[in-house]
>>> print(open('work30.txt').read())   # compact mmCIF, C-alpha atoms
# COMPACT_ATOMS: atom_id res chain seq x y z
CA MET A 1 245.71 161.14 129.99
CA TRP A 2 245.85 161.15 126.18
CA GLY A 3 246.45 157.43 125.82
CA ALA A 4 243.74 156.44 128.29
CA PRO A 5 240.74 154.49 126.94
CA ALA A 6 237.31 156.08 126.63
CA GLU A 7 235.20 155.71 129.79
CA PRO A 8 231.50 154.74 129.61
CA ALA A 9 229.27 157.46 131.10
CA ASP A 10 226.25 155.34 132.04
CA SER A 11 227.58 154.73 135.56
CA TYR A 12 226.79 158.39 136.38
CA TYR A 13 223.09 157.86 135.56
CA GLU A 14 222.32 154.42 136.92
CA VAL A 15 219.48 152.51 135.27
CA ARG A 16 217.22 150.18 137.27
CA PRO A 17 218.24 146.56 136.57
CA GLU A 18 214.73 145.51 135.53
CA CYS A 19 214.64 148.17 132.77
CA THR A 20 216.19 146.23 129.90
CA ASP A 21 214.52 148.04 126.99
CA VAL A 22 216.23 151.43 127.34
CA PRO A 23 218.38 152.62 124.40
CA VAL A 24 222.09 151.80 124.62
CA THR A 25 224.27 154.83 125.36
CA LYS A 26 226.87 155.70 122.73
CA PHE A 27 228.47 158.67 124.55
CA LYS A 28 231.84 157.93 126.14
CA ILE A 29 234.16 160.18 128.14
CA LYS A 30 237.18 160.60 125.86
CA PRO A 31 240.45 162.03 127.22
CA GLY A 32 241.56 164.97 125.09
CA LYS A 33 238.10 165.43 123.59
CA THR A 34 235.55 165.58 126.42
CA LEU A 35 235.59 168.81 128.46
CA SER A 36 237.33 167.59 131.62
CA VAL A 37 237.34 169.02 135.14
CA ARG A 38 240.92 170.23 134.66
CA LYS A 39 240.23 171.87 131.29
CA TRP A 40 237.14 173.57 132.71
CA GLN A 41 238.98 174.91 135.75
CA THR A 42 241.86 176.29 133.65
CA SER A 43 239.34 178.26 131.55
CA PHE A 44 238.73 180.64 134.49
CA ALA A 45 240.81 183.71 135.36
CA PRO A 46 241.79 184.15 139.05
CA ASP A 47 238.77 186.43 139.64
CA GLY A 48 236.37 183.91 138.08
CA GLN A 49 235.88 185.31 134.58
CA LEU A 50 235.40 182.46 132.11
CA ASP A 51 237.01 182.25 128.68
CA ILE A 52 233.99 180.48 127.17
CA GLY A 53 235.73 180.23 123.79
CA LYS A 54 238.12 177.66 125.26
CA THR A 55 235.26 175.32 126.05
CA LEU A 56 232.78 175.54 123.13
CA ASN A 57 234.81 173.54 120.59
CA ARG A 58 235.72 170.97 123.24
CA ILE A 59 232.04 170.48 124.10
CA HIS A 60 231.20 170.05 120.41
CA ARG A 61 234.02 167.54 119.96
CA GLY A 62 233.41 165.39 123.02
CA GLY A 63 230.71 166.69 125.35
CA ILE A 64 231.11 167.50 129.04
CA HIS A 65 232.36 165.28 131.85
CA PRO A 66 229.31 164.29 133.97
CA THR A 67 230.85 165.60 137.22
CA ILE A 68 230.84 169.22 135.94
CA ARG A 69 227.89 169.04 133.54
CA GLY A 70 225.51 170.99 135.80
CA GLU A 71 227.79 173.99 136.34
CA VAL A 72 228.77 174.15 132.64
CA TRP A 73 225.10 174.06 131.64
CA GLU A 74 224.44 177.11 133.83
CA PHE A 75 226.70 179.08 131.47
CA LEU A 76 225.47 177.46 128.24
CA LEU A 77 221.86 178.26 129.15
CA GLY A 78 222.62 181.88 130.05
CA CYS A 79 222.19 181.67 133.83
CA PHE A 80 225.52 183.49 134.21
CA ASP A 81 227.61 185.92 132.20
CA PRO A 82 231.02 184.36 131.34
CA LYS A 83 232.62 187.70 132.16
CA SER A 84 231.21 187.76 135.72
CA THR A 85 233.45 187.14 138.72
CA TYR A 86 233.08 184.39 141.34
CA GLU A 87 231.76 187.00 143.77
CA GLU A 88 229.18 188.39 141.33
CA ARG A 89 227.89 184.92 140.49
CA GLU A 90 227.58 183.92 144.13
CA GLN A 91 225.62 187.09 144.86
CA LEU A 92 223.30 186.43 141.90
CA ARG A 93 222.88 182.78 142.89
CA GLN A 94 221.79 183.78 146.40
CA GLN A 95 219.32 186.34 145.03
CA ARG A 96 217.81 183.70 142.75
CA ARG A 97 217.58 181.13 145.52
CA GLU A 98 215.72 183.65 147.67
CA GLN A 99 213.38 184.51 144.78
CA TYR A 100 212.61 180.84 144.14
CA GLN A 101 211.93 180.25 147.82
CA LYS A 102 209.56 183.24 147.86
CA TRP A 103 207.60 181.86 144.88
CA LYS A 104 207.54 178.41 146.45
CA ASN A 105 206.25 179.85 149.74
CA ASP A 106 203.51 181.69 147.80
CA CYS A 107 202.48 178.38 146.23
CA ARG A 108 202.61 176.58 149.56
CA GLU A 109 200.34 179.16 151.18
CA ILE A 110 197.73 178.35 148.54
CA PHE A 111 198.28 174.58 148.45
CA PRO A 112 200.46 173.18 151.28
CA VAL A 113 201.28 169.93 149.42
CA VAL A 114 203.93 172.06 147.63
CA GLY A 115 207.20 171.64 149.53
CA SER A 116 205.78 168.84 151.71
CA GLY A 117 207.83 166.07 150.07
CA GLN A 118 204.65 164.71 148.47
CA PHE A 119 202.64 165.40 145.30
CA ILE A 120 199.20 164.69 143.86
CA THR A 121 198.11 162.66 140.83
CA ALA A 122 194.33 163.18 141.01
CA PRO A 123 192.36 166.42 140.54
CA VAL A 124 191.31 168.26 143.68
CA ILE A 125 189.14 170.95 142.11
CA THR A 126 186.58 171.33 139.31
CA GLU A 127 186.90 173.86 136.49
CA ASP A 128 184.46 176.20 138.25
CA GLY A 129 186.56 176.13 141.44
CA GLN A 130 184.61 173.61 143.52
CA PRO A 131 186.33 170.84 145.52
CA ILE A 132 186.09 167.36 143.98
CA GLN A 133 183.39 165.29 145.65
CA ASP A 134 183.97 161.90 143.94
CA PRO A 135 185.06 159.49 146.75
CA LEU A 136 187.47 157.51 144.52
CA VAL A 137 189.15 160.68 143.26
CA LEU A 138 189.38 162.00 146.81
CA LEU A 139 190.98 158.76 147.99
CA GLU A 140 193.58 158.84 145.20
CA ALA A 141 194.37 162.52 145.75
CA ASN A 142 194.87 162.04 149.47
CA ASN A 143 196.87 158.82 149.08
CA ALA A 144 199.23 160.69 146.72
CA GLY A 145 199.81 163.10 149.56
CA GLY A 146 201.16 160.29 151.74
CA ASP A 147 201.82 161.64 155.23
CA GLY A 148 201.52 165.18 153.90
CA PRO A 149 198.54 167.54 154.07
CA ASN A 150 195.03 166.32 153.17
CA SER A 151 194.40 167.75 149.66
CA THR A 152 190.63 167.85 150.01
CA GLU A 153 190.73 169.71 153.30
CA ILE A 154 193.20 172.21 151.81
CA VAL A 155 190.90 172.97 148.86
CA GLN A 156 187.84 173.18 151.14
CA GLU A 157 189.70 175.73 153.27
CA LEU A 158 190.38 177.74 150.11
CA ILE A 159 186.71 177.65 149.16
CA ASN A 160 185.72 178.76 152.65
CA ARG A 161 187.79 181.93 152.20
CA GLY A 162 185.50 182.99 149.36
CA PRO A 163 185.46 182.75 145.54
CA LEU A 164 188.83 181.60 144.19
CA ASP A 165 190.80 183.83 141.86
CA LYS A 166 190.94 182.54 138.26
CA LYS A 167 194.76 182.32 138.41
CA ILE A 168 194.50 180.04 141.47
CA ILE A 169 191.84 177.83 139.87
CA ASP A 170 193.87 177.47 136.65
CA TRP A 171 196.98 176.59 138.64
CA LEU A 172 195.25 174.05 140.90
CA LEU A 173 193.80 172.34 137.82
CA LEU A 174 197.35 171.70 136.55
CA LEU A 175 198.83 170.12 139.66
CA HIS A 176 197.51 166.58 139.25
CA GLN A 177 198.57 166.51 135.56
CA ILE A 178 202.09 167.51 136.63
CA GLY A 179 201.99 164.67 139.18
CA LEU A 180 200.91 162.11 136.57
CA ASP A 181 203.76 163.16 134.26
CA VAL A 182 206.31 163.20 137.10
CA LYS A 183 205.48 159.55 137.83
CA ARG A 184 206.22 158.68 134.19
CA THR A 185 209.38 160.77 133.71
CA ASP A 186 212.71 158.91 133.46
CA ARG A 187 211.32 156.01 135.48
CA SER A 188 214.14 153.77 134.28
CA LEU A 189 216.62 155.77 136.41
CA VAL A 190 217.50 154.70 139.94
CA PHE A 191 217.50 158.41 140.87
CA TYR A 192 213.71 158.53 140.67
CA GLU A 193 213.19 155.58 142.98
CA LYS A 194 213.42 158.16 145.78
CA GLN A 195 210.18 159.95 146.61
CA GLU A 196 212.09 163.13 147.49
CA ASN A 197 213.42 163.43 143.92
CA LEU A 198 209.96 162.94 142.40
CA SER A 199 208.60 165.59 144.78
CA LYS A 200 211.40 167.98 143.86
CA LEU A 201 210.51 167.63 140.17
CA TRP A 202 206.82 168.23 140.98
CA ASP A 203 207.61 171.27 143.14
CA ILE A 204 209.74 172.94 140.45
CA LEU A 205 207.12 172.37 137.74
CA ALA A 206 204.34 173.57 140.06
CA VAL A 207 206.24 176.78 140.89
CA TYR A 208 207.03 177.36 137.22
CA ALA A 209 203.35 176.90 136.30
CA TRP A 210 202.48 179.54 138.94
CA ILE A 211 204.87 182.22 137.62
CA ASP A 212 204.43 181.60 133.86
CA THR A 213 200.68 181.93 133.45
CA ASP A 214 200.90 182.04 129.62
CA VAL A 215 202.36 178.53 129.46
CA GLY A 216 201.48 177.06 132.85
CA TYR A 217 202.29 173.40 132.37
CA CYS A 218 202.20 171.23 129.24
CA GLN A 219 203.11 167.61 128.71
CA GLY A 220 206.80 167.29 127.84
CA MET A 221 208.04 169.94 130.26
CA SER A 222 208.82 167.27 132.87
CA ASP A 223 211.21 165.67 130.33
CA LEU A 224 213.02 169.00 129.96
CA CYS A 225 213.20 169.66 133.71
CA SER A 226 214.27 166.20 134.89
CA PRO A 227 217.98 166.44 133.90
CA MET A 228 218.34 169.74 135.79
CA ILE A 229 217.36 168.06 139.07
CA ILE A 230 219.79 165.21 138.49
CA LEU A 231 222.70 167.50 137.57
CA LEU A 232 222.27 170.28 140.15
CA GLU A 233 221.94 169.49 143.83
CA ASP A 234 220.20 172.68 144.92
CA GLU A 235 216.50 172.77 143.95
CA ALA A 236 216.54 176.52 143.25
CA ASP A 237 219.56 176.18 140.95
CA SER A 238 217.72 173.40 139.08
CA PHE A 239 214.67 175.65 138.76
CA TRP A 240 216.66 178.51 137.23
CA CYS A 241 218.38 176.23 134.73
CA PHE A 242 214.96 174.92 133.69
CA GLU A 243 213.57 178.46 133.56
CA ARG A 244 216.39 179.51 131.21
CA LEU A 245 215.78 176.48 128.99
CA MET A 246 212.09 177.38 128.86
CA ARG A 247 213.01 180.89 127.69
CA ARG A 248 214.26 179.20 124.52
CA LEU A 249 211.43 176.71 124.18
CA ARG A 250 208.33 178.27 125.74
CA GLY A 251 207.12 179.39 122.30
CA ASN A 252 206.61 175.69 121.49
CA PHE A 253 204.32 175.29 124.51
CA ARG A 254 202.28 178.48 124.16
CA CYS A 255 198.82 177.73 122.81
CA THR A 256 196.02 180.05 121.76
CA GLU A 257 192.50 179.29 120.59
CA SER A 258 193.71 179.35 116.99
CA SER A 259 197.22 177.87 117.12
CA VAL A 260 199.64 175.57 118.89
CA GLY A 261 203.03 177.12 119.65
CA VAL A 262 205.13 174.42 118.00
CA GLU A 263 203.39 175.04 114.67
CA ALA A 264 205.87 177.84 113.90
CA GLN A 265 208.84 175.47 114.16
CA LEU A 266 206.98 172.81 112.17
CA SER A 267 206.43 175.30 109.35
CA HIS A 268 210.15 176.21 109.50
CA LEU A 269 210.99 172.50 109.30
CA ALA A 270 208.76 172.15 106.24
CA ALA A 271 210.48 175.15 104.60
CA VAL A 272 213.96 173.76 105.33
CA THR A 273 213.07 170.28 104.02
CA GLN A 274 211.55 171.80 100.88
CA VAL A 275 214.86 173.53 100.17
CA ILE A 276 217.28 170.70 101.01
CA ASP A 277 215.22 167.67 99.97
CA PRO A 278 212.33 168.78 97.71
CA LYS A 279 211.45 165.20 96.67
CA LEU A 280 210.95 164.13 100.27
CA HIS A 281 208.92 167.25 101.05
CA GLN A 282 206.67 166.60 98.06
CA HIS A 283 206.24 162.95 99.10
CA LEU A 284 205.28 163.95 102.65
CA GLU A 285 202.78 166.47 101.31
CA THR A 286 201.26 163.81 99.04
CA LEU A 287 200.82 161.57 102.10
CA GLY A 288 199.02 164.38 103.93
CA GLY A 289 201.99 165.12 106.19
CA GLY A 290 202.82 168.59 104.90
CA ASP A 291 202.09 170.00 108.35
CA TYR A 292 204.99 167.86 109.72
CA LEU A 293 203.01 167.01 112.88
CA PHE A 294 204.87 163.68 113.03
CA ALA A 295 207.94 165.68 114.18
CA VAL A 296 206.22 167.38 117.15
CA ARG A 297 207.78 165.16 119.82
CA MET A 298 211.34 165.62 118.57
CA LEU A 299 210.99 169.41 118.67
CA MET A 300 209.02 169.64 121.93
CA VAL A 301 211.33 167.56 124.12
CA LEU A 302 214.53 167.87 122.07
CA PHE A 303 214.95 164.19 121.20
CA ARG A 304 214.62 162.94 124.79
CA ARG A 305 212.67 159.89 123.57
CA GLU A 306 214.95 159.09 120.64
CA PHE A 307 218.16 158.82 122.70
CA SER A 308 219.21 157.21 125.96
CA PHE A 309 219.17 159.61 128.93
CA CYS A 310 222.94 160.08 128.76
CA ASP A 311 223.03 160.59 124.98
CA SER A 312 220.21 163.15 125.11
CA LEU A 313 222.27 165.24 127.57
CA TYR A 314 225.25 164.98 125.22
CA LEU A 315 223.07 166.13 122.31
CA TRP A 316 221.67 169.08 124.26
CA GLU A 317 225.06 170.41 125.36
CA MET A 318 226.42 170.13 121.83
CA MET A 319 223.41 172.06 120.52
CA TRP A 320 223.81 174.80 123.12
CA ALA A 321 227.57 175.07 122.53
CA LEU A 322 226.99 175.39 118.77
CA GLU A 323 224.26 178.02 119.26
CA TYR A 324 226.04 179.87 122.05
CA ASP A 325 225.81 183.67 122.10
CA PRO A 326 227.89 185.42 124.81
CA ASP A 327 225.10 188.02 125.15
CA LEU A 328 222.58 185.32 126.12
CA PHE A 329 222.71 186.30 129.79
CA TYR A 330 221.69 189.88 128.93
CA LEU A 331 218.68 188.75 126.92
CA TYR A 332 217.16 187.29 130.07
CA GLU A 333 218.09 189.90 132.69
CA GLU A 334 216.39 193.22 133.41
CA PRO A 335 218.65 195.92 131.89
CA THR A 336 220.62 198.05 134.36
CA PRO A 337 223.34 200.64 133.65
CA SER A 338 226.10 198.30 134.87
CA LEU A 339 224.79 195.37 132.80
CA GLU A 340 224.54 197.54 129.70
CA GLU A 341 228.14 198.69 130.23
CA THR A 342 229.40 195.09 130.54
CA LYS A 343 227.41 194.03 127.47
CA LYS A 344 229.14 196.68 125.33
CA LYS A 345 232.56 195.09 125.86
CA ALA A 346 233.99 193.68 122.65
CA LYS A 347 233.77 189.92 122.21
CA SER A 348 235.87 187.68 120.04
CA MET A 349 234.12 185.57 117.39
CA ARG A 350 235.50 182.49 119.12
CA HIS A 351 233.17 183.27 122.03
CA TYR A 352 230.23 182.46 119.75
CA GLY A 353 229.19 178.93 118.87
CA LYS A 354 229.91 177.58 115.38
CA PHE A 355 226.22 177.54 114.39
CA GLU A 356 225.71 181.08 115.70
CA ARG A 357 228.75 182.35 113.75
CA GLU A 358 227.13 181.12 110.51
CA ASN A 359 223.92 182.98 111.38
CA MET A 360 225.88 186.17 112.04
CA LYS A 361 227.19 186.16 108.47
CA ILE A 362 223.66 186.61 107.16
CA LYS A 363 222.25 190.13 107.25
CA THR A 364 218.52 189.76 107.86
CA ASP A 365 215.83 191.14 110.15
CA GLU A 366 214.37 187.65 110.63
CA ALA A 367 215.24 185.66 113.75
CA PRO A 368 217.57 182.74 112.94
CA LEU A 369 216.12 179.25 113.03
CA PRO A 370 217.21 177.11 116.00
CA ILE A 371 219.55 174.19 115.46
CA SER A 372 216.78 171.80 116.63
CA VAL A 373 214.93 172.40 113.34
CA PHE A 374 218.02 171.35 111.36
CA LEU A 375 218.54 168.34 113.64
CA VAL A 376 215.06 167.06 112.77
CA ALA A 377 215.73 167.88 109.11
CA SER A 378 218.95 165.84 109.28
CA VAL A 379 217.02 162.84 110.64
CA LEU A 380 214.49 163.15 107.80
CA LYS A 381 217.33 163.46 105.30
CA GLU A 382 219.02 160.33 106.66
CA LYS A 383 215.73 158.40 106.40
CA SER A 384 214.80 160.00 103.07
CA THR A 385 215.31 156.88 100.92
CA LYS A 386 213.35 154.68 103.31
CA LEU A 387 210.54 157.24 103.60
CA LEU A 388 210.31 157.63 99.80
CA GLN A 389 210.33 153.89 99.13
CA GLU A 390 208.31 152.48 102.03
CA ALA A 391 205.99 155.20 103.40
CA ARG A 392 202.54 154.82 101.84
CA GLY A 393 200.71 156.72 104.57
CA LEU A 394 201.35 158.82 107.66
CA ASP A 395 201.32 155.72 109.86
CA ASP A 396 204.34 154.46 107.91
CA VAL A 397 206.13 157.79 108.40
CA VAL A 398 205.53 157.64 112.16
CA LYS A 399 206.68 153.99 112.32
CA ILE A 400 209.90 154.66 110.35
CA LEU A 401 210.73 157.64 112.60
CA ASN A 402 209.88 155.69 115.77
CA ASP A 403 212.31 152.98 114.68
CA ILE A 404 215.23 155.42 114.96
CA THR A 405 215.06 155.27 118.79
CA GLY A 406 218.43 154.14 120.10
CA SER A 407 220.05 154.04 116.65
CA LEU A 408 220.93 157.73 116.23
CA ASP A 409 224.40 159.09 116.89
CA ALA A 410 224.22 162.47 118.68
CA LYS A 411 227.49 163.88 117.32
CA LYS A 412 226.78 162.74 113.77
CA ALA A 413 223.29 164.26 113.97
CA CYS A 414 224.76 167.61 115.11
CA ASN A 415 227.39 167.62 112.37
CA GLU A 416 224.75 166.82 109.74
CA ALA A 417 222.57 169.62 111.12
CA ILE A 418 225.45 172.09 110.67
CA LYS A 419 225.96 170.95 107.06
CA LEU A 420 222.26 171.29 106.28
CA HIS A 421 222.22 174.72 107.93
CA LYS A 422 225.05 175.93 105.66
CA LYS A 423 223.36 174.43 102.60
CA TYR A 424 220.05 176.05 103.51
CA LEU A 425 221.62 179.49 104.06
CA LYS A 426 223.48 179.30 100.73
CA LYS A 427 220.31 178.39 98.83
CA GLN A 428 218.38 181.15 100.57
CA GLN A 429 221.08 183.68 99.67
CA ALA A 430 221.08 182.50 96.06
CA LYS A 431 217.30 183.10 95.90
CA ASN A 432 217.71 186.62 97.24
>>> encode(input="work30.txt", output="structure tokens")
Amino acid sequence: MWGAPAEPADSYYEVRPECTDVPVTKFKIKPGKTLSVRKWQTSFAPDGQLDIGKTLNRIHRGGIHPTIRGEVWEFLLGCFDPKSTYEEREQLRQQRREQYQKWKNDCREIFPVVGSGQFITAPVITEDGQPIQDPLVLLEANNAGGDGPNSTEIVQELINRGPLDKKIIDWLLLLHQIGLDVKRTDRSLVFYEKQENLSKLWDILAVYAWIDTDVGYCQGMSDLCSPMIILLEDEADSFWCFERLMRRLRGNFRCTESSVGVEAQLSHLAAVTQVIDPKLHQHLETLGGGDYLFAVRMLMVLFRREFSFCDSLYLWEMMWALEYDPDLFYLYEEPTPSLEETKKKAKSMRHYGKFERENMKIKTDEAPLPISVFLVASVLKEKSTKLLQEARGLDDVVKILNDITGSLDAKKACNEAIKLHKKYLKKQQAKN
């Protein structure tokens, strides 16, 4: 109802009463602005095809109602083609659930703690593939397993089969680190008081680490995966949403002997700041911060630490709506004749996000910069005066940026990012 007051959204993501230091949520469900259940349902044709253009502006204006957030995210992240039917999506969903279960079974055959409802937080194997012998480590590993399988016995059985494959050793070495991060992820939420939800998060990250050997697991990925489990009831559906998000972000987590993946985005951030705020860029360089490493966390986990849980979800969906490309689904799927035929169908410009439409105006062979880079740039721009006047070293820069936690406005940050994006593109065009 248009005249109805805005509704707080925190009740959908209940915080434990003893956690009093979490950021206050600014996002509210606003009638006429937030994408409602009714508005979402009326965006579908009788056969299930979605007019995504009807929803993108609404999401940018007021976010998504929490009760439909999960299913809307599946489209925003490219899990489904908007032009698919209900029947086609259900068929694809079942195929993906079966594929996830197969991968999970493969993992469980190697290490039966996977899928047991438990997880580990202590290493069970050395780097050369030998079972851990330290009694204290063994005790912690087996206690983490609760009533589940004995981790040490499992690893010993593996060793008894013969030399372990390098892929298996590398994967087993990650499992306790995933467990440690799972215990720390979103611990202020009542949702994670249940062991089964912690185990679900661990299982998904363990399976992902098994199939993506280039990335495996890195700190921060649990922060990206956690919302998927809360929003989508089925574990496999949560996995595929996370997998699609990682398609966008895995470059940040890929490390080689000579470089860290996120360095590319940090150098883009430096280039953007140099164009839109040259004084600030020069000041940061003078302080020894020209590599912009102080911004790593914001880029790696997409501002999860700077906002409340609810506000970070609001920020993410606005970003994805602004960046939306209706061909996203086809970028992630193996090409087939039928998919190629569907992809060729003409699309209206209103089916693209506002940020993406600006990128399409520029004729260049270079990949466009993600909106996350401009979001960080907008934060630096907002704090520019304070950074110029008060930062006398990198510690000051870090402190000033840490102080923004809980004070940022997600919608304002997105709008500022769009303005900076336009300004940056104009200046780049003028140079060329």
>>> atom_distance(input="work30.txt", atom1="CA of Ser384 in chain A", atom2="CA of Ile371 in chain A")
19.4 Å
>>> atom_distance(input="work30.txt", atom1="CA of Leu375 in chain A", atom2="CA of Leu401 in chain A")
13.3 Å
>>> closest_atom_pairs(input="work30.txt", of="range 16-114 of chain A", to="range 322-331 of chain A", cutoff="6 Å", atoms="all atoms listed in the file", output="JSON lines")
{"residue": "A:Gly78", "atom": "CA", "partner": "A:Phe329", "partner_atom": "CA", "distance": 4.4}
{"residue": "A:Phe80", "atom": "CA", "partner": "A:Phe329", "partner_atom": "CA", "distance": 5.9}
{"residue": "A:Asp81", "atom": "CA", "partner": "A:Phe329", "partner_atom": "CA", "distance": 5.5}
>>> closest_atom_pairs(input="work30.txt", of="range 254-305 of chain A", to="range 184-194 of chain A", cutoff="12 Å", atoms="all atoms listed in the file", output="CSV")
residue,atom,partner,partner_atom,distance
A:Val301,CA,A:Thr185,CA,11.9
A:Arg304,CA,A:Asp186,CA,9.7
A:Arg305,CA,A:Asp186,CA,9.9
>>> closest_residue(input="work30.txt", among="A:Val114, A:Ala270, A:Val275, A:Ile362", to="Leu205 in chain A", atoms="only C-alpha atoms")
A:Val114
>>> axis_aligned_box(input="work30.txt", around="range 23-39 of chain A", padding_each_side="8 Å", output="lines of an AutoDock Vina configuration file")
center_x = 230.0
center_y = 161.8
center_z = 128.9
size_x = 39.2
size_y = 36.1
size_z = 28.4
>>> closest_residue(input="work30.txt", among="A:Glu14, A:Asp170, A:Asp223, A:Glu333", to="Asp128 in chain A", atoms="all atoms listed in the file")
A:Asp170
>>> closest_residue(input="work30.txt", among="A:Lys412, A:Arg350, A:Arg297, A:His421", to="Thr273 in chain A", atoms="all atoms listed in the file")
A:His421
>>> residues_around(input="work30.txt", residues="Asp311 in chain A", least_positions_apart="3", cutoff="7 Å", atoms="only C-alpha atoms", output="compact mmCIF listing (two decimals) with C-alpha atoms, keeping the file's coordinate frame")
# COMPACT_ATOMS: atom_id res chain seq x y z
CA THR A 25 224.27 154.83 125.36
CA LYS A 26 226.87 155.70 122.73
CA PHE A 27 228.47 158.67 124.55
CA PHE A 307 218.16 158.82 122.70
CA SER A 308 219.21 157.21 125.96
CA TYR A 314 225.25 164.98 125.22
CA LEU A 315 223.07 166.13 122.31
CA ALA A 410 224.22 162.47 118.68
>>> residues_around(input="work30.txt", residues="Asp51 in chain A", least_positions_apart="6", cutoff="12 Å", atoms="all atoms listed in the file", output="PyMOL selection string")
chain A and resi 39-45+75+81-85+326+347-348+350-352
>>> build_atoms(input="work30.txt", residues="range 402-420 of chain A", atoms="N, CA and C atoms", output="mmCIF file, keeping the file's coordinate frame")
data_model
loop_
_atom_site.group_PDB
_atom_site.id
_atom_site.type_symbol
_atom_site.label_atom_id
_atom_site.label_comp_id
_atom_site.auth_asym_id
_atom_site.auth_seq_id
_atom_site.Cartn_x
_atom_site.Cartn_y
_atom_site.Cartn_z
ATOM 1 N N ASN A 402 209.820 156.314 114.442
ATOM 2 C CA ASN A 402 209.880 155.690 115.770
ATOM 3 C C ASN A 402 210.992 154.643 115.847
ATOM 4 N N ASP A 403 211.272 154.022 114.714
ATOM 5 C CA ASP A 403 212.310 152.980 114.680
ATOM 6 C C ASP A 403 213.722 153.517 114.864
ATOM 7 N N ILE A 404 213.880 154.853 114.811
ATOM 8 C CA ILE A 404 215.230 155.420 114.960
ATOM 9 C C ILE A 404 215.672 155.427 116.424
ATOM 10 N N THR A 405 214.730 155.217 117.364
ATOM 11 C CA THR A 405 215.060 155.270 118.790
ATOM 12 C C THR A 405 216.226 154.340 119.127
ATOM 13 N N GLY A 406 217.262 154.923 119.697
ATOM 14 C CA GLY A 406 218.430 154.140 120.100
ATOM 15 C C GLY A 406 219.450 153.923 118.998
ATOM 16 N N SER A 407 219.108 154.290 117.755
ATOM 17 C CA SER A 407 220.050 154.040 116.650
ATOM 18 C C SER A 407 220.763 155.306 116.207
ATOM 19 N N LEU A 408 220.308 156.468 116.652
ATOM 20 C CA LEU A 408 220.930 157.730 116.230
ATOM 21 C C LEU A 408 222.241 157.972 116.966
ATOM 22 N N ASP A 409 223.137 158.667 116.298
ATOM 23 C CA ASP A 409 224.400 159.090 116.890
ATOM 24 C C ASP A 409 224.328 160.598 117.099
ATOM 25 N N ALA A 410 224.420 161.059 118.348
ATOM 26 C CA ALA A 410 224.220 162.470 118.680
ATOM 27 C C ALA A 410 225.206 163.382 117.943
ATOM 28 N N LYS A 411 226.492 163.012 117.955
ATOM 29 C CA LYS A 411 227.490 163.880 117.320
ATOM 30 C C LYS A 411 227.289 163.929 115.809
ATOM 31 N N LYS A 412 227.021 162.779 115.221
ATOM 32 C CA LYS A 412 226.780 162.740 113.770
ATOM 33 C C LYS A 412 225.565 163.581 113.412
ATOM 34 N N ALA A 413 224.515 163.489 114.227
ATOM 35 C CA ALA A 413 223.290 164.260 113.970
ATOM 36 C C ALA A 413 223.584 165.760 114.024
ATOM 37 N N CYS A 414 224.406 166.189 115.003
ATOM 38 C CA CYS A 414 224.760 167.610 115.110
ATOM 39 C C CYS A 414 225.588 168.069 113.915
ATOM 40 N N ASN A 415 226.543 167.262 113.517
ATOM 41 C CA ASN A 415 227.390 167.620 112.370
ATOM 42 C C ASN A 415 226.567 167.701 111.086
ATOM 43 N N GLU A 416 225.620 166.781 110.924
ATOM 44 C CA GLU A 416 224.750 166.820 109.740
ATOM 45 C C GLU A 416 223.860 168.062 109.780
ATOM 46 N N ALA A 417 223.403 168.430 110.988
ATOM 47 C CA ALA A 417 222.570 169.620 111.120
ATOM 48 C C ALA A 417 223.327 170.872 110.694
ATOM 49 N N ILE A 418 224.619 170.948 111.052
ATOM 50 C CA ILE A 418 225.450 172.090 110.670
ATOM 51 C C ILE A 418 225.607 172.154 109.142
ATOM 52 N N LYS A 419 225.829 170.992 108.531
ATOM 53 C CA LYS A 419 225.960 170.950 107.060
ATOM 54 C C LYS A 419 224.679 171.407 106.373
ATOM 55 N N LEU A 420 223.543 170.909 106.871
ATOM 56 C CA LEU A 420 222.260 171.290 106.280
ATOM 57 C C LEU A 420 221.984 172.784 106.481
#
